file upload-v9.cif (mmCIF, C-alpha atoms and all ligand atoms)
data_query
loop_
_atom_site.label_atom_id
_atom_site.label_comp_id
_atom_site.auth_asym_id
_atom_site.auth_seq_id
_atom_site.Cartn_x
_atom_site.Cartn_y
_atom_site.Cartn_z
CA MET A 1 -5.63 -5.19 4.80
CA TYR A 2 -5.95 -5.23 7.84
CA SER A 3 -3.58 -3.78 10.39
CA GLN A 4 -3.51 -0.78 8.10
CA GLY A 5 -7.24 -0.56 8.74
CA LEU A 6 -6.47 1.52 11.81
CA ILE A 7 -4.79 4.28 9.80
CA GLY A 8 -6.77 7.43 10.48
CA ALA A 9 -8.80 5.81 13.24
CA ASP A 10 -9.87 8.10 16.04
CA GLY A 11 -10.23 6.23 19.32
CA ARG A 12 -10.88 9.32 21.46
CA THR A 13 -13.92 8.98 23.59
CA GLU A 14 -15.76 11.20 26.08
CA GLU A 15 -17.91 8.94 28.22
CA SER A 16 -17.96 8.93 32.02
CA PRO A 17 -15.32 6.82 33.79
CA GLU A 18 -18.11 4.54 35.14
CA PHE A 19 -19.46 3.88 31.65
CA LEU A 20 -15.99 3.14 30.28
CA GLU A 21 -15.16 0.85 33.20
CA ALA A 22 -18.40 -1.10 32.79
CA PHE A 23 -17.67 -1.48 29.09
CA GLN A 24 -14.08 -2.56 29.74
CA ARG A 25 -15.31 -5.19 32.23
CA ARG A 26 -17.47 -6.72 29.49
CA ILE A 27 -14.51 -6.73 27.10
CA ASP A 28 -12.19 -8.25 29.73
CA ALA A 29 -14.76 -10.98 30.38
CA GLU A 30 -14.55 -11.82 26.63
CA GLU A 31 -18.20 -10.85 26.13
CA LYS A 32 -19.03 -9.98 22.52
CA ILE A 33 -20.44 -6.52 21.85
CA GLU A 34 -23.50 -6.55 19.60
CA PRO A 35 -24.83 -3.70 17.40
CA LYS A 36 -27.39 -2.14 19.75
CA ASP A 37 -25.30 -2.54 22.91
CA PRO A 38 -24.02 0.60 24.64
CA MET A 39 -20.44 1.29 23.51
CA PRO A 40 -18.00 4.21 23.73
CA ALA A 41 -18.10 6.56 20.73
CA GLY A 42 -14.39 5.95 20.19
CA TYR A 43 -14.94 2.20 19.98
CA ARG A 44 -17.67 2.72 17.39
CA ARG A 45 -15.59 5.19 15.35
CA THR A 46 -12.54 2.94 15.40
CA LEU A 47 -14.56 -0.02 14.17
CA VAL A 48 -16.39 1.94 11.46
CA ARG A 49 -13.01 3.07 10.18
CA GLN A 50 -11.31 -0.30 10.42
CA ILE A 51 -14.15 -2.44 9.03
CA GLY A 52 -14.88 0.08 6.28
CA GLN A 53 -11.22 0.18 5.21
CA HIS A 54 -11.01 -3.58 5.41
CA ALA A 55 -14.07 -3.81 3.11
CA HIS A 56 -12.56 -1.29 0.68
CA SER A 57 -9.36 -3.37 0.61
CA GLU A 58 -11.30 -6.47 -0.43
CA ILE A 59 -13.10 -4.57 -3.19
CA VAL A 60 -10.06 -2.71 -4.56
CA GLY A 61 -8.10 -5.96 -4.13
CA MET A 62 -10.18 -7.46 -6.93
CA LEU A 63 -8.52 -5.12 -9.45
CA PRO A 64 -4.87 -6.29 -9.58
CA GLU A 65 -5.93 -9.93 -9.95
CA GLY A 66 -8.88 -9.14 -12.20
CA ASN A 67 -6.23 -7.78 -14.57
CA TRP A 68 -5.12 -11.37 -15.34
CA ILE A 69 -8.42 -13.26 -15.58
CA THR A 70 -8.61 -13.02 -19.37
CA ARG A 71 -4.94 -13.97 -19.72
CA ALA A 72 -4.75 -16.90 -17.30
CA PRO A 73 -2.61 -19.63 -18.91
CA THR A 74 -5.13 -22.48 -18.61
CA LEU A 75 -8.85 -22.93 -18.13
CA LYS A 76 -8.22 -24.42 -14.67
CA ARG A 77 -6.24 -21.36 -13.59
CA LYS A 78 -8.85 -19.04 -15.07
CA ALA A 79 -11.70 -20.76 -13.20
CA ALA A 80 -9.74 -20.66 -9.93
CA LEU A 81 -8.81 -16.99 -10.34
CA LEU A 82 -12.40 -16.03 -11.17
CA ALA A 83 -13.61 -17.87 -8.07
CA LYS A 84 -10.97 -16.17 -5.93
CA VAL A 85 -11.75 -12.69 -7.20
CA GLN A 86 -15.46 -13.37 -6.68
CA ASP A 87 -14.68 -14.43 -3.08
CA GLU A 88 -12.89 -11.12 -2.50
CA GLY A 89 -16.00 -9.30 -3.68
CA GLY A 90 -18.00 -11.38 -1.22
CA HIS A 91 -15.55 -10.53 1.58
CA GLY A 92 -16.07 -6.85 0.85
CA LEU A 93 -19.84 -7.31 1.08
CA TYR A 94 -19.76 -9.25 4.39
CA LEU A 95 -17.61 -6.48 5.82
CA TYR A 96 -19.73 -3.59 4.54
CA ALA A 97 -22.72 -5.33 6.14
CA ALA A 98 -20.81 -5.60 9.44
CA ALA A 99 -19.87 -1.90 9.33
CA GLU A 100 -23.46 -0.92 8.58
CA THR A 101 -24.59 -2.41 11.89
CA LEU A 102 -22.67 0.48 13.51
CA GLY A 103 -24.89 3.09 11.86
CA VAL A 104 -22.89 4.02 8.76
CA SER A 105 -24.56 3.49 5.38
CA ARG A 106 -23.17 1.63 2.39
CA GLU A 107 -23.58 4.78 0.29
CA GLU A 108 -21.55 6.86 2.78
CA MET A 109 -18.73 4.31 2.80
CA THR A 110 -18.68 4.12 -1.00
CA GLU A 111 -18.58 7.90 -1.29
CA GLU A 112 -15.66 8.07 1.15
CA LEU A 113 -13.70 5.54 -0.90
CA LEU A 114 -14.44 7.19 -4.23
CA ALA A 115 -13.58 10.64 -2.84
CA GLY A 116 -10.22 9.29 -1.69
CA LYS A 117 -11.03 10.00 1.98
CA ALA A 118 -11.04 6.37 3.13
CA LYS A 119 -7.95 4.20 2.74
CA TYR A 120 -7.50 0.67 1.54
CA SER A 121 -4.45 -1.54 1.91
CA SER A 122 -1.31 -0.09 0.31
CA ILE A 123 -0.54 -3.47 -1.30
CA PHE A 124 -3.15 -2.99 -4.02
CA ASN A 125 -1.40 0.07 -5.37
CA TYR A 126 1.29 -2.08 -6.96
CA PRO A 127 0.88 -3.32 -10.55
CA THR A 128 0.55 -6.99 -11.59
CA LEU A 129 3.13 -7.19 -14.36
CA SER A 130 3.29 -10.93 -15.09
CA TRP A 131 1.32 -14.12 -14.49
CA ALA A 132 3.76 -14.97 -11.69
CA ASP A 133 2.38 -11.97 -9.80
CA ILE A 134 -0.91 -13.82 -9.46
CA GLY A 135 0.99 -16.66 -7.78
CA ALA A 136 2.88 -14.24 -5.54
CA ILE A 137 -0.28 -12.40 -4.53
CA GLY A 138 -2.12 -15.57 -3.51
CA TRP A 139 0.88 -16.89 -1.63
CA LEU A 140 2.15 -13.68 0.03
CA VAL A 141 -0.70 -11.17 0.04
CA ASP A 142 -3.42 -13.63 1.00
CA GLY A 143 -0.90 -15.27 3.34
CA ALA A 144 -0.32 -11.96 5.12
CA ALA A 145 -4.07 -11.30 5.12
CA ILE A 146 -4.68 -14.66 6.80
CA MET A 147 -2.13 -13.87 9.54
CA ASN A 148 -3.99 -10.65 10.21
CA GLN A 149 -7.48 -12.02 9.89
CA ILE A 150 -7.29 -15.13 12.06
CA PRO A 151 -7.00 -13.12 15.31
CA LEU A 152 -9.80 -10.83 14.06
CA CYS A 153 -12.14 -13.85 14.26
CA ARG A 154 -11.94 -13.26 18.05
CA CYS A 155 -12.54 -9.50 17.78
CA SER A 156 -14.79 -8.16 20.54
CA TYR A 157 -17.37 -6.79 18.07
CA GLY A 158 -19.76 -9.63 17.17
CA PRO A 159 -20.65 -8.79 13.55
CA TYR A 160 -16.98 -8.17 12.64
CA SER A 161 -15.88 -11.39 14.27
CA ARG A 162 -18.61 -13.39 12.49
CA ALA A 163 -17.70 -11.86 9.12
CA MET A 164 -14.05 -12.74 9.74
CA ILE A 165 -14.90 -16.37 10.51
CA ARG A 166 -16.63 -16.71 7.13
CA ILE A 167 -13.75 -14.96 5.40
CA CYS A 168 -11.04 -17.07 7.02
CA LYS A 169 -12.79 -20.26 5.90
CA GLU A 170 -12.48 -19.05 2.32
CA GLU A 171 -8.96 -17.64 2.45
CA SER A 172 -6.99 -20.85 2.64
CA PHE A 173 -7.94 -21.78 -0.93
CA HIS A 174 -6.63 -18.38 -2.03
CA GLN A 175 -3.20 -18.91 -0.55
CA ARG A 176 -2.93 -22.51 -1.75
CA GLN A 177 -3.85 -21.69 -5.34
CA GLY A 178 -1.21 -18.94 -5.32
CA TYR A 179 1.48 -21.20 -3.93
CA GLU A 180 0.59 -23.87 -6.48
CA ILE A 181 1.09 -21.33 -9.29
CA MET A 182 4.53 -20.49 -7.84
CA LEU A 183 5.37 -24.17 -7.52
CA THR A 184 4.40 -24.87 -11.13
CA LEU A 185 6.54 -21.97 -12.36
CA CYS A 186 9.50 -23.02 -10.20
CA ARG A 187 9.36 -26.55 -11.59
CA GLY A 188 9.12 -25.22 -15.16
CA THR A 189 11.71 -23.71 -17.47
CA PRO A 190 14.51 -21.45 -16.17
CA GLU A 191 12.58 -18.50 -17.65
CA GLN A 192 9.47 -19.46 -15.68
CA LYS A 193 11.45 -19.80 -12.48
CA ALA A 194 13.01 -16.39 -13.13
CA MET A 195 9.49 -14.96 -13.48
CA ALA A 196 8.58 -16.42 -10.08
CA GLN A 197 11.74 -14.94 -8.51
CA ASP A 198 11.02 -11.55 -10.06
CA ALA A 199 7.49 -11.60 -8.65
CA LEU A 200 8.80 -12.50 -5.18
CA ASN A 201 11.34 -9.69 -5.42
CA ARG A 202 8.63 -7.15 -6.13
CA TRP A 203 5.95 -8.41 -3.70
CA TRP A 204 8.03 -9.33 -0.64
CA TRP A 205 8.56 -5.90 0.89
CA PRO A 206 5.08 -4.53 0.10
CA SER A 207 3.67 -7.69 1.74
CA LEU A 208 5.63 -6.96 4.93
CA MET A 209 4.25 -3.41 4.86
CA MET A 210 0.71 -4.81 4.90
CA PHE A 211 1.07 -5.31 8.65
CA GLY A 212 1.35 -1.55 9.12
CA PRO A 213 3.98 0.59 10.88
CA HIS A 214 6.25 -0.71 13.64
CA ASP A 215 4.59 -0.91 17.05
CA LYS A 216 6.51 2.09 18.35
CA ASP A 217 5.04 4.19 15.50
CA SER A 218 1.53 2.78 15.66
CA ALA A 219 -0.50 5.25 17.70
CA HIS A 220 -3.78 3.33 17.76
CA THR A 221 -2.56 -0.15 18.60
CA GLU A 222 -2.69 0.21 22.38
CA GLN A 223 -6.33 1.32 22.63
CA SER A 224 -7.40 -1.26 20.02
CA MET A 225 -5.68 -4.04 21.94
CA LYS A 226 -7.36 -2.90 25.15
CA TRP A 227 -10.76 -3.04 23.45
CA LYS A 228 -9.81 -6.43 21.96
CA ILE A 229 -10.39 -5.23 18.43
CA LYS A 230 -6.78 -6.25 17.83
CA ARG A 231 -5.18 -9.24 19.54
CA PHE A 232 -1.58 -8.98 18.33
CA THR A 233 0.61 -6.01 17.44
CA ASN A 234 1.74 -5.22 13.90
CA ASP A 235 5.29 -6.40 14.59
CA GLN A 236 4.14 -9.66 16.20
CA LEU A 237 2.02 -10.52 13.16
CA ARG A 238 4.75 -9.50 10.71
CA GLN A 239 7.23 -11.75 12.52
CA LYS A 240 4.82 -14.70 12.40
CA PHE A 241 4.37 -14.14 8.69
CA ILE A 242 8.11 -14.03 7.99
CA ASP A 243 8.77 -17.15 10.06
CA ALA A 244 6.03 -19.05 8.24
CA THR A 245 6.95 -17.84 4.75
CA VAL A 246 10.75 -18.20 4.59
CA PRO A 247 10.69 -22.04 4.61
CA GLN A 248 7.99 -21.97 1.90
CA ALA A 249 10.29 -19.84 -0.27
CA GLU A 250 13.15 -22.28 0.38
CA PHE A 251 10.95 -25.17 -0.76
CA LEU A 252 10.30 -23.29 -4.02
CA GLY A 253 14.07 -22.73 -4.39
CA LEU A 254 13.54 -18.97 -4.41
CA THR A 255 15.55 -16.31 -2.58
CA ILE A 256 13.87 -13.78 -0.30
CA PRO A 257 15.12 -10.36 -1.48
CA ASP A 258 16.58 -9.40 1.90
CA PRO A 259 20.35 -9.81 2.34
CA GLU A 260 19.99 -9.27 6.09
CA LEU A 261 17.51 -12.09 6.58
CA ARG A 262 19.02 -14.49 9.14
CA TRP A 263 17.86 -17.26 11.45
CA ASN A 264 18.12 -16.11 15.05
CA PRO A 265 17.78 -19.00 17.54
CA ASP A 266 17.09 -16.59 20.44
CA LYS A 267 14.04 -14.96 18.83
CA ASN A 268 10.45 -15.74 19.89
CA ASP A 269 11.46 -16.64 23.48
CA GLY A 270 14.12 -19.08 22.35
CA ARG A 271 11.96 -20.87 19.77
CA GLY A 272 13.89 -19.11 17.04
CA GLY A 273 12.82 -16.81 14.23
CA TYR A 274 14.16 -14.67 11.43
CA ASP A 275 15.80 -11.29 11.77
CA HIS A 276 15.10 -9.09 8.78
CA GLY A 277 16.50 -5.95 7.16
CA PRO A 278 14.92 -2.48 7.45
CA ILE A 279 11.57 -1.79 5.79
CA ASP A 280 11.35 1.28 3.55
CA TRP A 281 8.71 3.25 5.47
CA ASP A 282 9.10 6.25 3.19
CA GLU A 283 7.83 4.09 0.36
CA PHE A 284 4.99 2.83 2.58
CA TRP A 285 3.78 6.33 3.50
CA ARG A 286 4.17 7.53 -0.09
CA VAL A 287 1.82 4.77 -1.23
CA VAL A 288 -0.62 5.27 1.66
CA LYS A 289 -0.79 8.99 0.87
CA GLY A 290 -1.77 8.27 -2.72
CA HIS A 291 1.50 8.31 -4.63
CA GLY A 292 1.98 4.62 -5.39
CA ARG A 293 2.18 3.46 -8.98
CA MET A 294 -1.44 2.39 -9.19
CA ASN A 295 -3.33 4.62 -6.70
CA ARG A 296 -4.90 6.77 -9.41
CA ASP A 297 -5.77 3.81 -11.63
CA ARG A 298 -7.43 1.94 -8.80
CA LEU A 299 -9.67 4.82 -7.79
CA ALA A 300 -10.43 5.66 -11.41
CA ALA A 301 -11.51 2.04 -12.01
CA ARG A 302 -13.77 2.07 -8.93
CA ARG A 303 -15.31 5.42 -9.93
CA LYS A 304 -15.92 4.20 -13.46
CA ALA A 305 -17.62 1.02 -12.23
CA HIS A 306 -19.74 3.04 -9.80
CA ASP A 307 -20.79 5.66 -12.35
CA GLU A 308 -21.47 3.17 -15.10
CA GLY A 309 -23.55 1.06 -12.72
CA ALA A 310 -25.71 4.01 -11.59
CA TRP A 311 -28.39 3.43 -14.24
CA VAL A 312 -28.70 -0.22 -13.17
CA ARG A 313 -29.29 0.76 -9.54
CA GLU A 314 -31.81 3.41 -10.59
CA ALA A 315 -33.63 1.05 -12.96
CA ALA A 316 -33.85 -1.69 -10.30
CA LEU A 317 -35.35 0.75 -7.79
CA ALA A 318 -37.79 2.14 -10.38
CA HIS A 319 -38.86 -1.39 -11.30
CA ALA A 320 -39.37 -2.27 -7.64
CA ARG A 321 -41.50 0.85 -7.11
CA LYS A 322 -43.61 0.07 -10.17
CA ARG A 323 -44.24 -3.51 -9.12
CA LYS A 324 -45.17 -2.43 -5.62
CA ALA A 325 -47.64 0.14 -6.98
CA ARG A 326 -49.21 -2.47 -9.26
CA ALA A 327 -49.53 -4.99 -6.45
CA MET A 328 -51.20 -2.36 -4.27
CA ALA A 329 -53.60 -1.36 -7.03
CA ALA A 330 -54.60 -5.00 -7.53
CA GLU A 331 -55.46 -5.48 -3.85
CA MET B 1 -24.12 13.35 -5.18
CA THR B 2 -26.19 11.40 -2.73
CA GLU B 3 -28.16 8.66 -4.41
CA THR B 4 -31.28 6.90 -3.18
CA PRO B 5 -30.20 4.19 -0.76
CA THR B 6 -30.91 0.64 -1.93
CA PRO B 7 -32.97 -1.18 0.76
CA LEU B 8 -31.30 -3.54 3.24
CA TRP B 9 -32.40 -7.17 3.69
CA GLU B 10 -31.50 -9.65 6.41
CA VAL B 11 -30.52 -13.08 5.09
CA PHE B 12 -31.40 -16.41 6.74
CA ILE B 13 -30.11 -19.72 5.43
CA ARG B 14 -31.11 -23.33 6.09
CA PRO B 15 -27.82 -25.26 5.86
CA ARG B 16 -29.64 -28.51 5.13
CA ASN B 17 -33.07 -30.02 5.62
CA GLY B 18 -33.73 -30.84 9.24
CA LEU B 19 -32.09 -27.63 10.49
CA SER B 20 -33.76 -24.26 10.92
CA HIS B 21 -32.91 -21.11 9.00
CA LYS B 22 -30.16 -19.10 10.65
CA HIS B 23 -29.23 -15.44 10.27
CA VAL B 24 -26.03 -15.08 8.23
CA GLY B 25 -25.82 -11.38 7.37
CA SER B 26 -27.43 -8.84 5.09
CA VAL B 27 -27.52 -7.62 1.48
CA HIS B 28 -28.73 -4.53 -0.35
CA ALA B 29 -31.25 -5.02 -3.14
CA ALA B 30 -34.06 -3.09 -4.82
CA ASP B 31 -36.64 -5.85 -4.32
CA ALA B 32 -37.14 -9.30 -2.81
CA GLU B 33 -36.26 -11.19 -5.98
CA LEU B 34 -32.94 -9.38 -6.40
CA ALA B 35 -32.27 -9.77 -2.68
CA LEU B 36 -32.63 -13.55 -3.02
CA GLN B 37 -30.21 -13.65 -5.94
CA ALA B 38 -27.70 -11.42 -4.17
CA ALA B 39 -27.99 -13.55 -1.02
CA ARG B 40 -27.32 -16.69 -3.07
CA ASP B 41 -24.21 -15.14 -4.66
CA VAL B 42 -22.86 -13.64 -1.44
CA TYR B 43 -23.66 -16.31 1.15
CA THR B 44 -23.86 -19.69 -0.65
CA ARG B 45 -20.84 -19.96 -2.92
CA ARG B 46 -19.81 -23.28 -1.36
CA GLY B 47 -23.03 -25.17 -0.82
CA GLU B 48 -23.81 -23.47 2.51
CA GLY B 49 -27.57 -23.81 2.08
CA THR B 50 -30.63 -25.48 0.60
CA SER B 51 -33.06 -22.63 1.32
CA ILE B 52 -32.82 -18.85 1.78
CA TRP B 53 -35.16 -16.34 3.44
CA VAL B 54 -34.73 -12.62 2.90
CA VAL B 55 -36.57 -10.18 5.16
CA PRO B 56 -36.58 -6.37 4.86
CA SER B 57 -34.37 -5.20 7.74
CA ALA B 58 -36.91 -2.47 8.47
CA ALA B 59 -39.56 -5.13 9.16
CA ILE B 60 -37.70 -6.56 12.16
CA THR B 61 -38.79 -5.55 15.65
CA ALA B 62 -36.06 -6.19 18.20
CA SER B 63 -36.02 -6.22 21.99
CA ASP B 64 -34.11 -3.38 23.60
CA PRO B 65 -30.63 -4.41 24.81
CA ASP B 66 -30.70 -1.62 27.43
CA ALA B 67 -33.78 -3.24 28.94
CA ALA B 68 -32.49 -6.80 28.57
CA ALA B 69 -31.95 -7.22 32.33
CA GLU B 70 -35.61 -6.50 33.24
CA PHE B 71 -36.99 -8.11 30.11
CA PHE B 72 -35.38 -11.50 30.70
CA GLU B 73 -35.16 -11.27 34.48
CA PRO B 74 -38.25 -13.42 35.32
CA THR B 75 -36.57 -16.59 34.01
CA ALA B 76 -33.57 -16.40 36.31
CA ASP B 77 -35.28 -17.31 39.59
CA LYS B 78 -37.62 -20.01 38.29
CA ILE B 79 -35.33 -22.93 38.89
CA TYR B 80 -38.36 -25.24 39.21
CA ARG B 81 -38.59 -25.05 35.41
CA HIS B 82 -35.53 -27.28 35.18
CA PRO B 83 -35.54 -31.07 35.62
CA THR B 84 -32.71 -31.03 38.16
CA PHE B 85 -35.03 -29.19 40.63
CA TYR B 86 -36.90 -32.45 41.36
CA GLU B 87 -35.50 -35.28 43.44
CA ILE B 88 -36.22 -38.76 42.19
CA PRO B 89 -34.68 -41.75 44.05
CA GLU B 90 -31.88 -43.64 42.27
CA GLU B 91 -33.94 -46.86 42.28
CA VAL B 92 -36.54 -45.35 39.95
CA GLY B 93 -33.91 -45.31 37.25
CA HIS B 94 -33.50 -42.85 34.43
CA MET B 95 -36.35 -40.39 34.05
FE FE C 401 -10.32 -11.55 1.14
FE FE C 402 -8.19 -13.69 -0.31
#
call {"tool": "encode", "arguments": {"input": "upload-v9.cif", "output": "structure tokens"}}
result
Amino acid sequence: MYSQGLIGADGRTEESPEFLEAFQRRIDAEEKIEPKDPMPAGYRRTLVRQIGQHAHSEIVGMLPEGNWITRAPTLKRKAALLAKVQDEGGHGLYLYAAAETLGVSREEMTEELLAGKAKYSSIFNYPTLSWADIGAIGWLVDGAAIMNQIPLCRCSYGPYSRAMIRICKEESFHQRQGYEIMLTLCRGTPEQKAMAQDALNRWWWPSLMMFGPHDKDSAHTEQSMKWKIKRFTNDQLRQKFIDATVPQAEFLGLTIPDPELRWNPDKNDGRGGYDHGPIDWDEFWRVVKGHGRMNRDRLAARRKAHDEGAWVREAALAHARKRKARAMAAE
Amino acid sequence: MTETPTPLWEVFIRPRNGLSHKHVGSVHAADAELALQAARDVYTRRGEGTSIWVVPSAAITASDPDAAAEFFEPTADKIYRHPTFYEIPEEVGHM
């Protein structure tokens, strides 16, 4: 959700060279930066953007899977899916709390999302058409998220890194439950296996896009790596994901929908890795700019939930005010 | 449409009896009771705690990180506060 978090980030900064050098020395010494510490404005802006968009991705990410909760095939699957979707909501909340330590309010972030000004990961703008999609999402989408999120546990900004540690602890269940769904389908009837293959066909390329543009087209990577917000480039993480996932697909007996996918023994400094075919970046940018199949639905669903929850927030605040007034009168 | 912000609370959790409460993050809630419930849902979905404190974030007074050097400076040169400052002969044994 995650490398795309930097889309629209503005790392420009106007501090004195001495200030920036002193800050960089702290970063280079692997010191964590805490909320009230002096930091360059560009560092703060980049983090607000990235953590906010990461949080939005967790929240919007509840929608495609939420779509299948009432139609899960067994009670066990339903309970697991509910727990997973609830976790994603929790991830969003940890991350909003981390972003708020940088001086941005929850209300401001929510307004930016609902107004369409803040992004969330492009992956959630694809529809979940069959139950197999729930398997594919857990396996591939959470799998890609884990690849991205593990290095973020070492991010230089303390609150973000602590939130990521909590999140990573919870993610491995997400990926395993997804893979187990795929495994069950692949060991089932030919129709069930075909469903699993169809889901892989649709989710493979969007999952690779989750890592964001190629390094040569990723303007913000260099500064973010220098500030140790990011630890690996988009292409490095994407390659790790492909190398980890291809054998898992083979175990399922499924085919990765990429005719150019080939083992290359010279890749990764001679350890070997997979070469892959070209990614459709036009599709990626179309979806990021709001023209994916589900962009409008996702925002409409978030706006509806926000508007319909307004009276609850107002009532809770009114109740709190009333109780406080009563307690004061009684004193 | 700017709505009234819902207050922020800092959340502290005791992982199990015998350990102290530790800061884990924050939640938004209209009052203390709702803050406790939100903290339970957000921070203890897997048995992470046996007790929760919620404190209004606005009630916390923090030391100034810009002044941290002066504020904590007096401890640095008082090495006689540490046991290794004192020389006790081997023969005395562990002390
Ligand atoms: Fe998540
Ligand atoms: Fe997840």
call {"tool": "atom_distance", "arguments": {"input": "upload-v9.cif", "atom1": "atom CA of Ala115 of chain A", "atom2": "atom CA of Glu88 of chain A"}}
result
21.8 Å
call {"tool": "atom_distance", "arguments": {"input": "upload-v9.cif", "atom1": "atom CA of Lys193 of chain A", "atom2": "atom CA of Thr255 of chain A"}}
result
11.3 Å
call {"tool": "residues_near_point", "arguments": {"input": "upload-v9.cif", "point": "(-30.8, -16.1, 0.8)", "cutoff": "8 Å", "atoms": "all atoms listed in the file", "output": "list in words"}}
result
Val11, Phe12, Ile13, Ala35, Leu36, Gln37, Ala38, Ala39, Arg40, Tyr43, Thr44, Ser51, Ile52, Trp53 and Val54 of chain B
call {"tool": "write_last_selection", "arguments": {"input": "upload-v9.cif", "atoms": "C-alpha atoms", "output": "PDB file, in the frame of the given file"}}
result
ATOM      1  CA  VAL B  11     -30.520 -13.080   5.090  1.00  0.00           C
ATOM      2  CA  PHE B  12     -31.400 -16.410   6.740  1.00  0.00           C
ATOM      3  CA  ILE B  13     -30.110 -19.720   5.430  1.00  0.00           C
ATOM      4  CA  ALA B  35     -32.270  -9.770  -2.680  1.00  0.00           C
ATOM      5  CA  LEU B  36     -32.630 -13.550  -3.020  1.00  0.00           C
ATOM      6  CA  GLN B  37     -30.210 -13.650  -5.940  1.00  0.00           C
ATOM      7  CA  ALA B  38     -27.700 -11.420  -4.170  1.00  0.00           C
ATOM      8  CA  ALA B  39     -27.990 -13.550  -1.020  1.00  0.00           C
ATOM      9  CA  ARG B  40     -27.320 -16.690  -3.070  1.00  0.00           C
ATOM     10  CA  TYR B  43     -23.660 -16.310   1.150  1.00  0.00           C
ATOM     11  CA  THR B  44     -23.860 -19.690  -0.650  1.00  0.00           C
ATOM     12  CA  SER B  51     -33.060 -22.630   1.320  1.00  0.00           C
ATOM     13  CA  ILE B  52     -32.820 -18.850   1.780  1.00  0.00           C
ATOM     14  CA  TRP B  53     -35.160 -16.340   3.440  1.00  0.00           C
ATOM     15  CA  VAL B  54     -34.730 -12.620   2.900  1.00  0.00           C
TER      16      VAL B  54
END
call {"tool": "interface_residues", "arguments": {"input": "upload-v9.cif", "of": "chain B", "to": "chain A", "cutoff": "7 Å", "atoms": "all atoms listed in the file", "output": "MDAnalysis selection string"}}
result
chainID B and resid 5 25:26 30:31 42 65
call {"tool": "atom_distance", "arguments": {"input": "upload-v9.cif", "atom1": "atom CA of Asn125 of chain A", "atom2": "atom CA of Val27 of chain B"}}
result
28.1 Å
call {"tool": "axis_aligned_box", "arguments": {"input": "upload-v9.cif", "around": "segment 49-53 of chain B", "padding_each_side": "6 Å", "output": "JSON"}}
result
{"center_x": -31.4, "center_y": -20.9, "center_z": 2.0, "size_x": 19.6, "size_y": 21.1, "size_z": 14.8}
call {"tool": "residues_near_ligand", "arguments": {"input": "upload-v9.cif", "ligand": "ligand FE 401 (chain C)", "cutoff": "12 Å", "atoms": "all atoms listed in the file", "output": "tab-separated table (two decimals) with C-alpha atoms, in the frame of the given file"}}
result
chain	number	residue	atom	x	y	z
A	1	MET	CA	-5.63	-5.19	4.80
A	2	TYR	CA	-5.95	-5.23	7.84
A	54	HIS	CA	-11.01	-3.58	5.41
A	55	ALA	CA	-14.07	-3.81	3.11
A	56	HIS	CA	-12.56	-1.29	0.68
A	57	SER	CA	-9.36	-3.37	0.61
A	58	GLU	CA	-11.30	-6.47	-0.43
A	59	ILE	CA	-13.10	-4.57	-3.19
A	60	VAL	CA	-10.06	-2.71	-4.56
A	61	GLY	CA	-8.10	-5.96	-4.13
A	62	MET	CA	-10.18	-7.46	-6.93
A	83	ALA	CA	-13.61	-17.87	-8.07
A	84	LYS	CA	-10.97	-16.17	-5.93
A	85	VAL	CA	-11.75	-12.69	-7.20
A	86	GLN	CA	-15.46	-13.37	-6.68
A	87	ASP	CA	-14.68	-14.43	-3.08
A	88	GLU	CA	-12.89	-11.12	-2.50
A	89	GLY	CA	-16.00	-9.30	-3.68
A	90	GLY	CA	-18.00	-11.38	-1.22
A	91	HIS	CA	-15.55	-10.53	1.58
A	92	GLY	CA	-16.07	-6.85	0.85
A	93	LEU	CA	-19.84	-7.31	1.08
A	94	TYR	CA	-19.76	-9.25	4.39
A	95	LEU	CA	-17.61	-6.48	5.82
A	121	SER	CA	-4.45	-1.54	1.91
A	137	ILE	CA	-0.28	-12.40	-4.53
A	138	GLY	CA	-2.12	-15.57	-3.51
A	141	VAL	CA	-0.70	-11.17	0.04
A	142	ASP	CA	-3.42	-13.63	1.00
A	143	GLY	CA	-0.90	-15.27	3.34
A	144	ALA	CA	-0.32	-11.96	5.12
A	145	ALA	CA	-4.07	-11.30	5.12
A	146	ILE	CA	-4.68	-14.66	6.80
A	147	MET	CA	-2.13	-13.87	9.54
A	148	ASN	CA	-3.99	-10.65	10.21
A	149	GLN	CA	-7.48	-12.02	9.89
A	150	ILE	CA	-7.29	-15.13	12.06
A	163	ALA	CA	-17.70	-11.86	9.12
A	164	MET	CA	-14.05	-12.74	9.74
A	165	ILE	CA	-14.90	-16.37	10.51
A	166	ARG	CA	-16.63	-16.71	7.13
A	167	ILE	CA	-13.75	-14.96	5.40
A	168	CYS	CA	-11.04	-17.07	7.02
A	169	LYS	CA	-12.79	-20.26	5.90
A	170	GLU	CA	-12.48	-19.05	2.32
A	171	GLU	CA	-8.96	-17.64	2.45
A	172	SER	CA	-6.99	-20.85	2.64
A	173	PHE	CA	-7.94	-21.78	-0.93
A	174	HIS	CA	-6.63	-18.38	-2.03
A	175	GLN	CA	-3.20	-18.91	-0.55
call {"tool": "closest_residue", "arguments": {"input": "upload-v9.cif", "among": "A:Thr221, A:Leu20, A:Asp297, A:Asp269", "to": "Asn67 of chain A", "atoms": "all atoms listed in the file"}}
result
A:Asp297
call {"tool": "closest_residue", "arguments": {"input": "upload-v9.cif", "among": "B:Pro15, B:Ser20, B:Arg81, B:Ala62", "to": "Thr50 of chain B", "atoms": "all atoms listed in the file"}}
result
B:Pro15
